[in-house]
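**Q** Contents of entry.cif (mmCIF, C-alpha atoms and all ligand atoms) are below:
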```cif
data_query
#
loop_
_atom_site.label_atom_id
_atom_site.label_comp_id
_atom_site.auth_asym_id
_atom_site.auth_seq_id
_atom_site.Cartn_x
_atom_site.Cartn_y
_atom_site.Cartn_z
CA MET A 1 72.76 190.83 305.75
CA TYR A 2 72.15 187.90 303.43
CA GLY A 3 74.82 186.72 301.04
CA LYS A 4 77.78 187.55 303.26
CA GLY A 5 78.80 183.89 303.34
CA ILE A 6 78.77 183.66 299.57
CA LEU A 7 81.02 186.68 299.27
CA LYS A 8 83.34 185.26 301.87
CA GLY A 9 83.52 181.96 299.99
CA LEU A 10 84.12 183.68 296.68
CA SER A 11 86.91 185.71 298.18
CA VAL A 12 88.70 182.46 299.04
CA THR A 13 88.33 181.32 295.43
CA TRP A 14 89.49 184.69 294.18
CA LYS A 15 92.51 184.61 296.50
CA ARG A 16 93.48 181.16 295.21
CA PHE A 17 93.13 182.33 291.65
CA TRP A 18 95.22 185.41 292.28
CA GLU A 19 97.89 183.55 294.23
CA THR A 20 98.36 181.07 291.40
CA TYR A 21 99.68 183.87 289.23
CA THR A 22 101.70 185.63 291.90
CA GLU A 23 103.34 182.30 292.81
CA ASP A 24 104.07 181.53 289.16
CA ILE A 25 105.66 184.91 288.67
CA SER A 26 107.73 184.64 291.85
CA TRP A 27 109.01 181.22 290.78
CA ILE A 28 109.91 182.56 287.36
CA LEU A 29 111.72 185.51 288.96
CA ARG A 30 113.67 183.12 291.12
CA GLY A 31 114.54 181.17 287.99
CA LYS A 32 112.85 177.94 289.12
CA LYS A 33 110.29 175.80 287.38
CA ARG A 34 107.02 175.28 289.20
CA TYR A 35 105.58 172.74 286.75
CA ASN A 36 106.85 169.41 285.43
CA THR A 37 109.77 169.25 287.85
CA VAL A 38 110.24 167.16 290.98
CA GLU A 39 110.92 170.30 292.98
CA GLY A 40 107.75 171.97 291.77
CA VAL A 41 105.57 168.94 292.50
CA THR A 42 107.12 168.58 295.95
CA HIS A 43 106.36 172.17 296.73
CA ARG A 44 102.85 172.00 295.38
CA SER A 45 102.18 168.87 297.51
CA SER A 46 103.46 170.54 300.66
CA LYS A 47 101.42 172.52 303.12
CA ASP A 48 103.13 175.78 302.14
CA THR A 49 101.72 175.72 298.64
CA LYS A 50 99.62 178.57 297.45
CA GLY A 51 97.27 178.86 294.52
CA ILE A 52 96.77 176.00 292.09
CA PHE A 53 97.97 172.60 293.16
CA THR A 54 96.71 170.31 290.41
CA VAL A 55 99.02 167.44 289.49
CA GLN A 56 99.21 167.59 285.69
CA TYR A 57 99.34 163.84 285.69
CA PRO A 58 100.71 162.49 282.40
CA ASP A 59 103.27 165.29 282.22
CA GLU A 60 104.30 165.19 285.85
CA ARG A 61 103.56 162.76 288.64
CA LEU A 62 103.42 162.77 292.39
CA ASN A 63 106.58 161.69 294.18
CA LEU A 64 105.72 158.28 295.51
CA PRO A 65 106.97 157.48 299.01
CA GLU A 66 109.37 154.57 299.22
CA GLU A 67 106.80 152.29 300.81
CA ALA A 68 104.14 152.92 298.18
CA ARG A 69 102.91 149.60 296.84
CA TYR A 70 101.11 148.39 293.81
CA ILE A 71 101.33 144.97 292.16
CA PRO A 72 104.23 142.77 293.36
CA PHE A 73 107.13 141.76 291.14
CA LEU A 74 109.80 139.07 291.30
CA VAL A 75 113.38 140.16 291.83
CA TYR A 76 116.27 138.62 289.93
CA ASN A 77 120.00 139.29 290.11
CA GLU A 78 121.84 139.85 286.89
CA LYS A 79 124.72 137.45 286.55
CA PRO A 80 127.85 138.66 284.78
CA ASP A 81 127.11 136.40 281.81
CA GLY A 82 123.68 137.95 281.35
CA ASP A 83 121.73 135.10 282.91
CA LYS A 84 119.03 135.75 285.43
CA GLU A 85 119.44 134.47 288.95
CA ILE A 86 115.89 134.23 290.19
CA LEU A 87 115.78 134.60 293.96
CA CYS A 88 112.45 132.82 294.33
CA THR A 89 112.75 129.20 295.47
CA SER A 90 109.07 128.39 294.83
CA CYS A 91 108.58 127.63 298.51
CA GLY A 92 104.97 128.73 298.22
CA ILE A 93 104.79 130.80 301.38
CA CYS A 94 103.58 133.86 299.50
CA ALA A 95 100.83 131.84 297.82
CA LYS A 96 99.76 130.57 301.22
CA VAL A 97 99.58 133.95 302.94
CA CYS A 98 98.02 135.83 300.03
CA PRO A 99 94.56 136.76 301.36
CA PRO A 100 92.67 136.63 298.05
CA GLN A 101 94.78 133.66 296.86
CA CYS A 102 95.89 135.20 293.60
CA ILE A 103 99.38 133.67 293.36
CA TRP A 104 99.84 130.51 291.33
CA ILE A 105 103.22 128.79 291.24
CA VAL A 106 104.16 125.95 288.89
CA ARG A 107 106.98 123.77 290.24
CA SER A 108 108.89 121.12 288.34
CA ASN A 109 111.35 118.31 288.92
CA ASN A 110 114.68 117.76 287.30
CA PRO A 111 113.98 114.99 284.76
CA GLU A 112 117.33 113.26 285.40
CA THR A 113 117.54 113.16 289.16
CA GLY A 114 113.84 113.47 289.88
CA ARG A 115 114.52 116.13 292.48
CA PRO A 116 112.58 119.36 292.61
CA ILE A 117 114.12 122.42 290.97
CA PRO A 118 114.08 125.40 293.32
CA GLU A 119 113.33 127.96 290.63
CA PRO A 120 109.66 128.18 289.71
CA THR A 121 108.77 127.05 286.19
CA GLU A 122 105.96 129.56 286.06
CA PHE A 123 104.72 132.15 288.45
CA TYR A 124 101.35 133.81 287.94
CA ILE A 125 99.82 136.71 289.80
CA ASP A 126 96.30 137.70 288.92
CA ALA A 127 96.77 141.46 289.08
CA ASP A 128 93.03 141.95 288.84
CA ILE A 129 92.56 140.09 292.11
CA CYS A 130 95.66 141.26 293.99
CA MET A 131 94.73 143.76 296.66
CA ASN A 132 98.22 145.27 297.00
CA CYS A 133 98.40 144.27 300.64
CA GLY A 134 102.11 143.45 300.55
CA PHE A 135 101.81 140.28 302.62
CA CYS A 136 103.70 138.27 300.01
CA SER A 137 106.72 140.54 300.20
CA GLU A 138 106.53 140.71 304.01
CA TYR A 139 106.54 136.94 304.38
CA CYS A 140 108.94 135.91 301.64
CA PRO A 141 112.01 134.51 303.44
CA PHE A 142 114.26 135.08 300.40
CA ASP A 143 113.38 138.72 299.62
CA ALA A 144 112.36 137.46 296.21
CA ILE A 145 109.04 139.24 295.77
CA LYS A 146 108.67 142.97 296.25
CA MET A 147 105.97 145.57 295.79
CA ASP A 148 106.19 147.65 292.65
CA HIS A 149 105.66 151.39 292.18
CA ASP A 150 104.51 151.17 288.58
CA PHE A 151 100.82 151.98 288.48
CA GLU A 152 100.33 152.51 284.75
CA ILE A 153 99.29 148.97 283.97
CA ALA A 154 95.69 149.40 282.90
CA SER A 155 94.98 147.22 279.88
CA TYR A 156 92.29 146.06 277.49
CA GLU A 157 92.49 142.50 278.73
CA ARG A 158 92.29 140.82 282.09
CA ASN A 159 95.68 141.33 283.79
CA VAL A 160 97.12 137.95 284.65
CA PHE A 161 100.86 138.46 284.95
CA ASN A 162 103.20 135.58 284.17
CA MET A 163 106.81 135.22 285.12
CA GLU A 164 108.04 137.09 282.06
CA LYS A 165 106.06 140.12 283.11
CA LEU A 166 106.81 139.79 286.81
CA LEU A 167 110.58 139.45 286.68
CA LYS A 168 112.46 142.67 287.25
CA PRO A 169 116.16 143.17 287.99
CA SER A 170 117.40 143.98 291.47
CA SER A 171 118.81 147.24 290.12
CA TYR A 172 115.21 148.29 289.50
CA TYR A 173 114.35 147.32 293.06
CA GLN A 174 117.24 149.41 294.28
CA SER A 175 116.07 152.37 292.25
CA ILE A 176 112.52 152.36 293.65
CA ARG A 177 113.30 151.36 297.24
CA PRO A 178 116.87 152.43 298.03
CA GLU A 179 116.53 152.31 301.82
CA ASN A 180 114.96 148.87 301.92
CA PHE A 181 117.53 147.57 299.49
CA ALA A 182 120.43 148.92 301.54
CA ARG A 183 119.02 147.41 304.73
CA GLU A 184 118.52 143.99 303.16
CA GLU A 185 121.92 144.07 301.54
CA ALA A 186 123.59 144.90 304.88
CA ALA A 187 121.73 142.08 306.63
CA ARG A 188 122.77 139.64 303.94
CA LYS A 189 126.44 140.68 304.17
CA GLU A 190 126.36 140.34 307.97
CA LYS A 191 124.89 136.88 307.71
CA GLU A 192 127.52 135.79 305.22
CA ALA A 193 130.31 137.19 307.41
CA ALA A 194 128.93 135.37 310.45
CA LYS A 195 128.77 132.14 308.47
CA ALA A 196 132.34 132.55 307.26
CA ALA A 197 133.56 133.30 310.80
CA LYS A 198 131.78 130.22 312.11
CA GLU A 199 133.36 128.02 309.47
CA ALA A 200 136.77 129.48 310.17
CA ALA A 201 136.34 128.76 313.88
CA LYS A 202 135.26 125.21 313.07
CA ALA A 203 138.29 124.69 310.87
CA ALA A 204 140.54 126.03 313.60
CA ALA A 205 138.97 123.66 316.18
CA THR A 206 139.50 120.54 314.05
CA GLN A 207 143.15 121.31 313.43
CA MET B 1 94.06 167.74 269.41
CA ASP B 2 96.41 169.86 267.38
CA ASN B 3 96.33 170.19 263.64
CA GLU B 4 99.15 167.76 263.02
CA LYS B 5 97.49 164.90 264.78
CA LEU B 6 94.07 165.52 263.30
CA SER B 7 95.06 165.79 259.65
CA LEU B 8 96.15 162.83 257.63
CA PRO B 9 99.69 163.05 256.38
CA GLN B 10 99.05 161.26 253.09
CA TYR B 11 97.41 164.32 251.55
CA ASP B 12 99.61 167.07 250.18
CA ILE B 13 98.60 170.41 251.58
CA PRO B 14 100.23 173.47 249.99
CA GLU B 15 102.75 175.01 252.33
CA ASP B 16 101.00 178.34 252.71
CA MET B 17 97.74 176.64 253.64
CA GLN B 18 99.07 174.21 256.18
CA HIS B 19 97.92 176.13 259.21
CA ALA B 20 94.59 177.09 257.76
CA ILE B 21 93.03 173.75 256.81
CA ALA B 22 92.99 170.24 258.13
CA VAL B 23 92.25 167.29 255.87
CA THR B 24 90.88 164.44 257.89
CA THR B 25 88.53 161.52 257.70
CA LEU B 26 85.17 161.54 259.32
CA ASP B 27 86.37 158.78 261.61
CA ARG B 28 89.18 160.84 263.01
CA LEU B 29 87.05 163.89 263.54
CA TYR B 30 84.40 161.80 265.15
CA ASN B 31 86.82 159.93 267.40
CA TRP B 32 88.44 163.17 268.40
CA GLY B 33 85.07 164.53 269.41
CA ARG B 34 84.21 161.45 271.40
CA ARG B 35 87.51 160.97 273.16
CA SER B 36 87.54 164.58 274.27
CA SER B 37 84.14 164.43 275.89
CA VAL B 38 83.81 161.12 277.67
CA TRP B 39 81.20 161.79 280.30
CA PRO B 40 81.17 159.23 283.09
CA LEU B 41 78.07 158.15 284.91
CA MET B 42 78.01 159.44 288.47
CA PHE B 43 77.99 156.06 290.03
CA GLY B 44 80.19 154.60 292.73
CA LEU B 45 79.98 151.19 294.34
CA ALA B 46 82.53 150.81 297.10
CA CYS B 47 85.89 152.05 298.37
CA CYS B 48 87.20 152.55 294.81
CA ALA B 49 84.56 155.23 294.33
CA ILE B 50 86.43 157.38 296.83
CA GLU B 51 89.46 157.38 294.54
CA MET B 52 87.22 158.13 291.58
CA ILE B 53 85.90 161.17 293.46
CA ALA B 54 89.46 162.18 294.31
CA ALA B 55 90.37 161.99 290.64
CA GLN B 56 87.57 164.43 289.87
CA THR B 57 88.69 167.00 292.42
CA ALA B 58 90.93 169.97 291.69
CA ARG B 59 93.94 167.96 292.81
CA TYR B 60 93.90 165.66 289.78
CA ASP B 61 91.27 167.39 287.70
CA MET B 62 89.90 165.03 285.10
CA ALA B 63 88.47 168.09 283.34
CA ARG B 64 91.81 168.24 281.60
CA PHE B 65 90.60 165.22 279.60
CA GLY B 66 87.03 166.40 279.11
CA MET B 67 85.75 163.94 281.68
CA GLU B 68 84.63 166.34 284.37
CA VAL B 69 80.92 166.19 283.70
CA MET B 70 79.73 163.33 285.87
CA ARG B 71 76.21 162.68 284.66
CA PRO B 72 73.62 161.67 287.19
CA THR B 73 71.54 159.96 284.53
CA PRO B 74 72.66 157.11 282.27
CA ARG B 75 70.90 158.75 279.33
CA GLN B 76 73.55 161.47 279.17
CA ALA B 77 76.58 159.34 280.00
CA ASP B 78 79.15 157.70 277.71
CA LEU B 79 81.15 155.80 280.25
CA LEU B 80 80.14 153.39 282.95
CA LEU B 81 82.93 153.48 285.48
CA VAL B 82 82.37 150.39 287.58
CA SER B 83 84.24 151.54 290.66
CA GLY B 84 84.02 148.94 293.33
CA THR B 85 82.63 145.68 294.52
CA VAL B 86 79.79 144.36 292.38
CA THR B 87 77.35 142.55 294.58
CA LYS B 88 74.89 140.02 293.26
CA LYS B 89 72.06 142.22 294.35
CA MET B 90 73.45 145.24 292.49
CA VAL B 91 74.37 143.60 289.20
CA PRO B 92 70.85 143.68 287.65
CA ALA B 93 70.74 147.42 288.36
CA ILE B 94 74.16 147.96 286.81
CA VAL B 95 73.21 146.09 283.66
CA ARG B 96 69.99 148.04 283.43
CA LEU B 97 71.92 151.31 283.73
CA TYR B 98 74.25 150.13 280.98
CA ASN B 99 71.35 149.31 278.69
CA GLN B 100 69.90 152.75 279.27
CA MET B 101 73.06 154.51 278.15
CA PRO B 102 73.04 155.79 274.55
CA GLU B 103 75.74 154.56 272.19
CA PRO B 104 78.66 154.96 271.91
CA LYS B 105 79.24 153.67 275.39
CA TYR B 106 82.22 152.27 277.24
CA VAL B 107 82.77 150.31 280.41
CA VAL B 108 85.84 150.66 282.61
CA ALA B 109 86.38 148.15 285.40
CA MET B 110 88.16 150.09 288.10
CA GLY B 111 89.94 148.17 290.80
CA ALA B 112 90.37 144.54 291.65
CA CYS B 113 86.75 144.03 292.67
CA ALA B 114 85.18 145.19 289.43
CA SER B 115 87.80 143.43 287.30
CA GLY B 116 87.92 140.04 288.95
CA GLY B 117 86.21 140.05 292.30
CA GLY B 118 89.32 141.18 294.16
CA PRO B 119 89.54 140.30 297.83
CA PHE B 120 85.95 139.10 297.79
CA LYS B 121 86.23 136.90 294.73
CA GLU B 122 84.66 133.88 296.35
CA GLY B 123 82.22 135.79 298.54
CA TYR B 124 78.70 134.46 298.69
CA ASN B 125 77.28 137.82 297.63
CA VAL B 126 79.88 139.12 295.19
CA VAL B 127 80.10 138.81 291.42
CA ALA B 128 83.66 137.89 290.43
CA GLY B 129 84.14 140.66 287.88
CA ILE B 130 81.68 142.80 285.98
CA ASP B 131 83.05 141.34 282.75
CA LYS B 132 80.83 138.34 283.35
CA PHE B 133 77.92 140.58 282.42
CA LEU B 134 79.17 143.62 280.50
CA PRO B 135 81.75 144.11 277.74
CA VAL B 136 84.62 145.77 279.61
CA ASP B 137 86.91 148.05 277.60
CA VAL B 138 89.66 148.81 280.10
CA TYR B 139 90.70 146.98 283.25
CA ILE B 140 92.52 149.01 285.90
CA PRO B 141 94.21 146.81 288.52
CA GLY B 142 94.79 148.02 292.06
CA CYS B 143 92.98 148.06 295.33
CA PRO B 144 92.17 150.86 294.98
CA PRO B 145 93.90 152.32 291.93
CA THR B 146 95.22 155.74 292.87
CA PRO B 147 93.75 158.73 291.02
CA GLN B 148 96.84 158.75 288.84
CA ALA B 149 96.36 155.08 287.98
CA LEU B 150 92.73 155.81 287.16
CA ILE B 151 93.73 158.64 284.85
CA ALA B 152 96.29 156.32 283.22
CA GLY B 153 93.40 153.94 282.54
CA MET B 154 91.31 156.73 281.11
CA ILE B 155 94.12 157.68 278.75
CA LYS B 156 94.18 154.05 277.70
CA LEU B 157 90.47 154.30 276.95
CA GLN B 158 91.07 157.43 274.87
CA GLU B 159 93.72 155.53 272.91
CA LYS B 160 91.19 152.80 272.26
CA ILE B 161 88.60 155.32 271.05
CA ASP B 162 91.19 156.82 268.71
CA LYS B 163 91.60 153.47 266.97
CA GLN B 164 87.92 152.77 266.42
CA THR B 165 86.20 153.19 263.09
CA MET B 166 82.54 153.59 262.31
CA LYS B 167 82.64 150.58 260.01
CA THR B 168 83.31 148.04 262.71
CA ASN B 169 81.78 149.56 265.80
CA ARG B 170 79.09 147.30 267.05
CA TRP B 171 76.63 150.14 267.57
CA TYR B 172 76.55 151.04 263.87
CA ASP B 173 75.77 147.53 262.78
CA LYS B 174 72.46 147.95 260.94
CA LYS B 175 71.68 144.25 260.83
CA LYS B 176 72.00 143.70 264.52
CA VAL B 177 69.93 146.44 266.05
CA ASP B 178 70.12 144.81 269.43
CA ALA B 179 73.84 144.14 269.23
CA ASN B 180 74.39 146.37 272.18
CA TYR B 181 71.68 145.11 274.40
CA VAL B 182 72.93 143.09 277.31
CA PRO B 183 70.26 140.94 278.91
CA VAL B 184 69.51 142.01 282.43
CA PRO B 185 70.59 139.13 284.67
CA VAL B 186 67.69 137.26 286.18
CA LEU B 187 67.91 136.65 289.85
CA GLY B 188 68.67 132.97 289.76
CA PRO B 189 70.22 130.44 292.11
CA ASP B 190 73.62 132.11 291.82
CA LEU B 191 72.29 135.62 292.32
CA MET B 192 70.07 136.66 295.13
CA ASP B 193 66.48 135.68 294.46
CA PRO B 194 63.83 137.49 296.50
CA ARG B 195 61.22 135.03 295.29
CA ARG B 196 62.88 132.31 297.29
CA TYR B 197 62.95 134.14 300.60
CA ASP B 198 60.00 132.19 302.00
CA GLU B 199 61.49 128.90 300.87
CA LEU B 200 64.84 129.74 302.47
CA LYS B 201 63.19 130.87 305.67
CA ALA B 202 61.21 127.63 305.86
CA ALA B 203 64.37 125.60 305.29
CA ALA B 204 66.22 127.53 308.01
CA ALA B 205 63.32 127.08 310.44
CA ALA B 206 63.17 123.35 309.67
CA LYS B 207 66.87 123.03 310.37
CA ALA B 208 66.53 124.95 313.64
CA THR B 209 63.75 122.68 314.90
CA GLN B 210 65.78 119.65 313.86
CA GLN B 211 68.72 120.85 315.93
CA GLU B 212 66.49 121.58 318.89
CA SER B 213 64.98 118.12 318.90
CA ALA B 214 68.40 116.48 318.51
S1 LIG C 301 108.34 134.59 296.15
FE1 LIG C 301 109.30 134.13 298.12
S2 LIG C 301 107.64 133.27 299.36
FE2 LIG C 301 106.95 133.23 297.23
S3 LIG C 301 107.49 131.18 296.51
FE3 LIG C 301 109.17 132.55 295.95
S4 LIG C 301 110.62 132.39 297.64
FE4 LIG C 301 108.68 131.53 298.39
S1 LIG C 302 100.12 141.93 297.51
FE1 LIG C 302 98.69 140.73 298.79
S2 LIG C 302 97.05 140.19 297.37
FE2 LIG C 302 98.75 140.85 296.10
S3 LIG C 302 99.86 138.98 295.60
FE3 LIG C 302 100.82 139.80 297.45
S4 LIG C 302 99.78 138.78 299.15
FE4 LIG C 302 98.49 138.49 297.32
S1 LIG C 303 89.23 146.89 294.64
FE1 LIG C 303 89.77 147.25 296.79
S2 LIG C 303 89.42 149.45 297.05
FE2 LIG C 303 88.34 148.83 295.17
S3 LIG C 303 86.26 148.33 295.82
FE3 LIG C 303 87.42 146.44 295.88
S4 LIG C 303 88.15 146.28 298.01
FE4 LIG C 303 87.53 148.40 297.66
#
```
The structure given in the file should be rewritten as structure tokens.

**A**
Amino acid sequence: MYGKGILKGLSVTWKRFWETYTEDISWILRGKKRYNTVEGVTHRSSKDTKGIFTVQYPDERLNLPEEARYIPFLVYNEKPDGDKEILCTSCGICAKVCPPQCIWIVRSNNPETGRPIPEPTEFYIDADICMNCGFCSEYCPFDAIKMDHDFEIASYERNVFNMEKLLKPSSYYQSIRPENFAREEAARKEKEAAKAAKEAAKAAATQ
Amino acid sequence: MDNEKLSLPQYDIPEDMQHAIAVTTLDRLYNWGRRSSVWPLMFGLACCAIEMIAAQTARYDMARFGMEVMRPTPRQADLLLVSGTVTKKMVPAIVRLYNQMPEPKYVVAMGACASGGGPFKEGYNVVAGIDKFLPVDVYIPGCPPTPQALIAGMIKLQEKIDKQTMKTNRWYDKKKVDANYVPVPVLGPDLMDPRRYDELKAAAAAKATQQESA
């Protein structure tokens, strides 16, 4: 018989359509929200989902995994007096490893002593060239540049980000990548403890 | 769009009529019509096109914005979504497609390649950004932008359309009939020039013989 395949295909569509409503009703009966909640999106992204699974984007968004990456940003620590402690030392490693060469760092010298200032005077990333590879954050020895999760950065102009736009507090970094942050924090503490122990041992030896 | 957004607040509408009529300007009505039916050209260039296709599927469903009708012909399209690497060989075709689109028309540069050349920005065969040839309305960074980032860019485009007025749009300029025409790039020394194939071949052959004799 001709047309069997079409009927079979349509039955799949019909089943999906039907299940959308039965699922909705069962969620309502259980007193849970299937739309616009993290729980609902998680369920609709899982393999157990039934019926409709559209992500209603501006109202709800997919849960990004921790390692999701978009354009990089520069991390700064907030000092108690409100100043920003920029972690970047303008060593230029990230600019060197960046495959499309889209990082531009401006360094400057202290006018009095003539020595270089570690903090970068300006830091540009051409977001319209960056290929979100994450090499810069992998290679940075000071954990000063990290990959962002914010993807809503489309604009009417060419996106060349300067330092003002790139700087984000470490609390933001902690909020988007909690595991990474905890790991780095622990490593830093360990290093500091080791250094202190070494100095103590040295002091003890000289006495 | 709902009634509140469409009607202008500066006109007093009697209370009992507020749900029955909407006072608006032609601009608003017109913009509302256009922003709700932006039909993209079915046209993909490289890896970014895969994300564009994903954004059209049921998972993300651009039909929610009236953008589901991918037109296979430029004559029915409003939006040229440049999704991917623009090669020097392709750019004359892209510009020709753009010129064939009826006004009002918009260009969205999707991804690093279309916006600025991306990873291939100094490639011998790649144009560093379609904005060298076409007026780009929205740039979407990312390599590739995820479907959600693409939709965010499309919402940005809708916001831009909302702000436009017929008075200043370049396609209603009576004096400049050709205001919208973008000259099709000629295949010159920077682009690939098929007319010079013989010349290049001869030069390569000359170099080869030179190396052999040396
Ligand atoms: S971000 Fe890191 S790698 Fe790049 S210049 Fe600053 S400290 Fe060096
Ligand atoms: S993510 Fe990759 S392309 Fe982007 S700035 Fe870092 S190294 Fe360069
Ligand atoms: S921006 Fe990246 S994903 Fe998009 S076309 Fe270029 S290389 Fe491919």

**Q** Please, what distance in Å, to one decimal, runs between CA of Ser45 (chain A) and CA of Pro147 (chain B)?

**A**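 Between these atoms lies a distance of 14.7 Å.
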
**Q** Can you tell me which residues sit at most 12 Å away from ligand LIG 301 (chain C), counting all atoms listed in the file, written as a PyMOL selection string?

**A** chain A and resi 72-76+86-98+102-107+118-125+134-147+163+166-167

**Q** Show me a table, sorted first by chain and then by increasing residue number, of the residues of chain B having an atom at most 10 Å from ligand LIG 302 (chain C), each with its shortest atom pair and the distance in Å to one decimal, counting only C-alpha atoms and all ligand atoms and written as a tab-separated table.

**A**
```
residue	atom	partner	partner_atom	distance
B:Ala112	CA	C:LIG302	S2	9.8
B:Gly118	CA	C:LIG302	S2	8.4
B:Pro119	CA	C:LIG302	S2	7.5
B:Gly142	CA	C:LIG302	FE2	9.1
B:Cys143	CA	C:LIG302	S2	9.1
```

**Q** Taking all atoms listed in the file into account, which of A:Gln174, A:Asn36, A:Asn180, A:Asn162 comes nearest Thr54 (chain A)?

**A**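 Selected residue with least distance to Thr54 (chain A): A:Asn36.
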
**Q** Show me which residues are within 6 Å of ligand LIG 303 (chain C) counting all atoms listed in the file, and format the list as a list of chain:residue names.

**A**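 The distance check yields B:Ala46, B:Cys47, B:Cys48, B:Gly84, B:Thr85, B:Gly111, B:Ala112, B:Cys113, B:Gly118, B:Cys143, B:Pro144.
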
**Q** Should the cut-off be 6 Å, what would the residue list for chain B against chain A look like, counting only C-alpha atoms, as a ChimeraX atom specification?

**A** /B:58-60,112,115-116,118-119,137-141,143,149,152-153

**Q** Have a look at CA of Pro185 (chain B) and CA of Val91 (chain B) and let me know their distance in Å, one decimal.

**A** 7.4 Å

**Q** CA of Gly82 (chain A) to CA of Glu66 (chain A): how many Å, to one decimal?

**A**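 So the answer is 28.3 Å.
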
**Q** Which residues come within 10 Å of Tyr30 (chain B), counting all atoms listed in the file, excluding same-chain residues fewer than 3 positions away, as a list in words?

**A**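 Close residues of Tyr30 (chain B): Thr25, Leu26, Asp27, Gly33, Arg34, Arg35, Ile161, Asp162, Gln164, Thr165 and Met166 of chain B.
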
**Q** May I have the residues within 10 Å of Val38 (chain B) as a list in words, using all atoms listed in the file and disregarding those fewer than 3 positions away in the same chain?

**A**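 Near Val38 (chain B), the qualifying residues are Gly33, Arg34, Arg35, Leu41, Phe65, Gly66, Met67, Glu68, Val69, Met70, Ala77, Asp78, Leu79, Pro104, Lys105, Tyr106, Met154, Leu157 and Gln158 of chain B.
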
**Q** Neighbours of Asp24 (chain A) within 10 Å (only C-alpha atoms; same-chain residues fewer than 4 positions away dropped), as a ChimeraX atom specification?

**A** /A:19-20,28-30,32-35,50-52

**Q** Would you pick out the contacts of region 125-135 of chain B at 7 Å or less, using only C-alpha atoms, so that residues sharing its chain but fewer than 5 positions from it are not included, and give the list as a PDB file with C-alpha atoms, in the coordinates of the input?

**A**
```pdb
ATOM      1  CA  VAL B  86      79.790 144.360 292.380  1.00  0.00           C
ATOM      2  CA  THR B  87      77.350 142.550 294.580  1.00  0.00           C
ATOM      3  CA  LYS B  88      74.890 140.020 293.260  1.00  0.00           C
ATOM      4  CA  VAL B 107      82.770 150.310 280.410  1.00  0.00           C
ATOM      5  CA  CYS B 113      86.750 144.030 292.670  1.00  0.00           C
ATOM      6  CA  ALA B 114      85.180 145.190 289.430  1.00  0.00           C
ATOM      7  CA  SER B 115      87.800 143.430 287.300  1.00  0.00           C
ATOM      8  CA  GLY B 116      87.920 140.040 288.950  1.00  0.00           C
ATOM      9  CA  GLY B 117      86.210 140.050 292.300  1.00  0.00           C
ATOM     10  CA  PHE B 120      85.950 139.100 297.790  1.00  0.00           C
TER      11      PHE B 120
END
```
